[in-house]
Amino acid sequence: MKPTRTWIVIADGSRAHILLNEGPGKALSFVPGTDFRHATPPNREIYTERPGRTHESAGVSRSAEDRNDAHAQQKEKFVQTLIAFLRDKLSVKDFDRWVLVAPPEILSDFREHLDPTLKHVLAGELAKDLTKIPSGEILGHLHGVLPV
C-alpha cells in the first residue's frame with residue numbers, strides 16, 4: 001500500500017518551506033526546491049516620501065492622499081504565489097494532502113484565495129509561526145493537526 005504523502009507548508013508573509021511526512025511514525029523530510037523567500041519590506045521603506053496632496057471636490061481644502069498598505073499587498077502576493085505552486089504540484093500528484101502552518105493573518109490570506117481543489121485536500125491548519133523552528137522540532141507542534 002502506497003503511503004499517504006502529506007506536505008506540511010510552513011509559511012509566514014515572506015518565507016515558506018515545505019516538509020514531507022509519509023505516515024505516522026515517519027520523520028519529516030525537506031521537499032527539495034520548496035524554500036521560498038519574498039522581499040516584503042515595511043511600508044516605511046516602500047514609501048520614502050510623504051503622500052501627495054489633493055484638492056477637495058468642493059471648497060479650497062486640501063488633504064493627504066490615501067495609500068494602500070503595500071506591505072500587506074506584498075504578503076498577499078506571496079501567498080498567491082504559494083497557492084499557485086501548490087495547485088501545480090497537486091495536479092501532478094506530488095502530494096496527497098497538506099497541512100498549513102502559518103500565523104493567523106497569513107492563514108486568513110490563504111483561506112481567502114484557496115480554490116476548492118486545494119481546500120478538499122487540506123488536512124489541517126495550525127495558527128503558529130514556525131518558520132524559524134528547526135524541522136526536527138516541528139513534529140512536536142503538529143500532534144493536534146496531523147497523526148504523527
# chains A, B, ... in the order shown; residues from 1 in each chain; ligands from 1

$ residues_around --residues "Trp7 (chain A)" --least-positions-apart "2" --cutoff "7 Å" --atoms "only C-alpha atoms" --output "list in words"
Arg5, Val9, Ile18, Leu19, Leu20, Asn21, Phe95, Arg97, Trp98 and Val99 of chain A

$ select_by_dssp --residues "region 77-145 of chain A" --states "alpha helix (DSSP H)" --output "number ranges by chain"
A: 77-91, 104-113, 116-120, 135-138

$ write_last_selection --atoms "N, CA and C atoms" --output "mmCIF file, in the first residue's frame"
data_model
loop_
_atom_site.group_PDB
_atom_site.id
_atom_site.type_symbol
_atom_site.label_atom_id
_atom_site.label_comp_id
_atom_site.auth_asym_id
_atom_site.auth_seq_id
_atom_site.Cartn_x
_atom_site.Cartn_y
_atom_site.Cartn_z
ATOM 1 N N LYS A 77 0.507 38.794 -2.195
ATOM 2 C CA LYS A 77 1.083 38.321 -3.466
ATOM 3 C C LYS A 77 1.919 37.062 -3.226
ATOM 4 N N PHE A 78 2.660 37.035 -2.125
ATOM 5 C CA PHE A 78 3.471 35.864 -1.774
ATOM 6 C C PHE A 78 2.567 34.654 -1.526
ATOM 7 N N VAL A 79 1.488 34.855 -0.805
ATOM 8 C CA VAL A 79 0.530 33.775 -0.542
ATOM 9 C C VAL A 79 -0.048 33.251 -1.850
ATOM 10 N N GLN A 80 -0.395 34.138 -2.755
ATOM 11 C CA GLN A 80 -0.943 33.712 -4.045
ATOM 12 C C GLN A 80 0.082 32.904 -4.849
ATOM 13 N N THR A 81 1.350 33.272 -4.750
ATOM 14 C CA THR A 81 2.414 32.522 -5.423
ATOM 15 C C THR A 81 2.505 31.109 -4.846
ATOM 16 N N LEU A 82 2.443 30.997 -3.522
ATOM 17 C CA LEU A 82 2.489 29.681 -2.879
ATOM 18 C C LEU A 82 1.288 28.828 -3.279
ATOM 19 N N ILE A 83 0.121 29.427 -3.330
ATOM 20 C CA ILE A 83 -1.085 28.688 -3.709
ATOM 21 C C ILE A 83 -0.965 28.167 -5.141
ATOM 22 N N ALA A 84 -0.445 28.982 -6.035
ATOM 23 C CA ALA A 84 -0.265 28.545 -7.428
ATOM 24 C C ALA A 84 0.723 27.384 -7.497
ATOM 25 N N PHE A 85 1.791 27.450 -6.701
ATOM 26 C CA PHE A 85 2.770 26.360 -6.654
ATOM 27 C C PHE A 85 2.110 25.076 -6.152
ATOM 28 N N LEU A 86 1.345 25.177 -5.065
ATOM 29 C CA LEU A 86 0.673 24.003 -4.509
ATOM 30 C C LEU A 86 -0.325 23.415 -5.504
ATOM 31 N N ARG A 87 -1.063 24.265 -6.174
ATOM 32 C CA ARG A 87 -2.033 23.800 -7.175
ATOM 33 C C ARG A 87 -1.324 23.013 -8.287
ATOM 34 N N ASP A 88 -0.193 23.536 -8.755
ATOM 35 C CA ASP A 88 0.567 22.848 -9.806
ATOM 36 C C ASP A 88 1.085 21.498 -9.327
ATOM 37 N N LYS A 89 1.615 21.445 -8.123
ATOM 38 C CA LYS A 89 2.181 20.195 -7.589
ATOM 39 C C LYS A 89 1.091 19.177 -7.271
ATOM 40 N N LEU A 90 -0.077 19.645 -6.858
ATOM 41 C CA LEU A 90 -1.188 18.732 -6.618
ATOM 42 C C LEU A 90 -1.673 18.131 -7.935
ATOM 43 N N SER A 91 -1.670 18.916 -8.988
ATOM 44 C CA SER A 91 -2.145 18.424 -10.289
ATOM 45 C C SER A 91 -1.268 17.304 -10.839
ATOM 46 N N PRO A 104 -1.871 33.660 12.203
ATOM 47 C CA PRO A 104 -3.299 33.853 11.900
ATOM 48 C C PRO A 104 -3.589 34.762 10.711
ATOM 49 N N GLU A 105 -2.858 35.877 10.571
ATOM 50 C CA GLU A 105 -3.166 36.793 9.463
ATOM 51 C C GLU A 105 -2.803 36.172 8.109
ATOM 52 N N ILE A 106 -1.821 35.297 8.071
ATOM 53 C CA ILE A 106 -1.446 34.617 6.825
ATOM 54 C C ILE A 106 -2.448 33.489 6.542
ATOM 55 N N LEU A 107 -2.910 32.809 7.585
ATOM 56 C CA LEU A 107 -3.969 31.813 7.396
ATOM 57 C C LEU A 107 -5.188 32.458 6.745
ATOM 58 N N SER A 108 -5.508 33.642 7.176
ATOM 59 C CA SER A 108 -6.650 34.367 6.616
ATOM 60 C C SER A 108 -6.446 34.643 5.126
ATOM 61 N N ASP A 109 -5.244 35.066 4.751
ATOM 62 C CA ASP A 109 -4.947 35.302 3.332
ATOM 63 C C ASP A 109 -5.066 34.016 2.526
ATOM 64 N N PHE A 110 -4.569 32.900 3.086
ATOM 65 C CA PHE A 110 -4.683 31.616 2.391
ATOM 66 C C PHE A 110 -6.145 31.245 2.190
ATOM 67 N N ARG A 111 -6.945 31.349 3.244
ATOM 68 C CA ARG A 111 -8.362 30.978 3.145
ATOM 69 C C ARG A 111 -9.074 31.798 2.072
ATOM 70 N N GLU A 112 -8.706 33.049 1.977
ATOM 71 C CA GLU A 112 -9.351 33.950 1.020
ATOM 72 C C GLU A 112 -9.075 33.532 -0.430
ATOM 73 N N HIS A 113 -7.911 32.953 -0.697
ATOM 74 C CA HIS A 113 -7.504 32.682 -2.076
ATOM 75 C C HIS A 113 -7.501 31.197 -2.464
ATOM 76 N N PRO A 116 -11.283 25.333 -4.531
ATOM 77 C CA PRO A 116 -11.893 24.120 -3.971
ATOM 78 C C PRO A 116 -10.997 22.883 -4.031
ATOM 79 N N THR A 117 -10.162 22.778 -5.053
ATOM 80 C CA THR A 117 -9.280 21.620 -5.181
ATOM 81 C C THR A 117 -8.313 21.529 -4.010
ATOM 82 N N LEU A 118 -7.678 22.645 -3.674
ATOM 83 C CA LEU A 118 -6.736 22.658 -2.553
ATOM 84 C C LEU A 118 -7.464 22.567 -1.213
ATOM 85 N N LYS A 119 -8.642 23.172 -1.101
ATOM 86 C CA LYS A 119 -9.418 23.076 0.142
ATOM 87 C C LYS A 119 -9.785 21.631 0.442
ATOM 88 N N HIS A 120 -10.102 20.887 -0.605
ATOM 89 C CA HIS A 120 -10.532 19.495 -0.438
ATOM 90 C C HIS A 120 -9.438 18.612 0.163
ATOM 91 N N SER A 135 13.412 21.806 11.628
ATOM 92 C CA SER A 135 12.432 20.818 11.173
ATOM 93 C C SER A 135 12.291 19.652 12.138
ATOM 94 N N GLY A 136 13.335 19.323 12.882
ATOM 95 C CA GLY A 136 13.261 18.231 13.846
ATOM 96 C C GLY A 136 12.310 18.506 15.000
ATOM 97 N N GLU A 137 12.019 19.763 15.267
ATOM 98 C CA GLU A 137 11.136 20.139 16.371
ATOM 99 C C GLU A 137 9.696 20.381 15.923
ATOM 100 N N ILE A 138 9.456 20.410 14.642
ATOM 101 C CA ILE A 138 8.125 20.749 14.131
ATOM 102 C C ILE A 138 7.104 19.675 14.429
#

$ closest_residue --among "A:Thr131, A:Asp96, A:Asp115, A:Ala123" --to "Phe36 (chain A)" --atoms "only C-alpha atoms"
A:Thr131

$ atom_distance --atom1 "CA of Leu28 (chain A)" --atom2 "CA of Gln74 (chain A)"
29.4 Å

$ residues_around --residues "Leu142 (chain A)" --least-positions-apart "3" --cutoff "10 Å" --atoms "only C-alpha atoms" --output "PyMOL selection string"
chain A and resi 8+99+101+124-126+137-139+145-148

$ atom_distance --atom1 "CA of Ala16 (chain A)" --atom2 "CA of Pro3 (chain A)"
24.4 Å

$ closest_residue --among "A:Val121, A:Gly13, A:Asp35, A:Ile133" --to "Lys93 (chain A)" --atoms "only C-alpha atoms"
A:Val121

$ atom_distance --atom1 "CA of Asp94 (chain A)" --atom2 "CA of Pro134 (chain A)"
23.3 Å
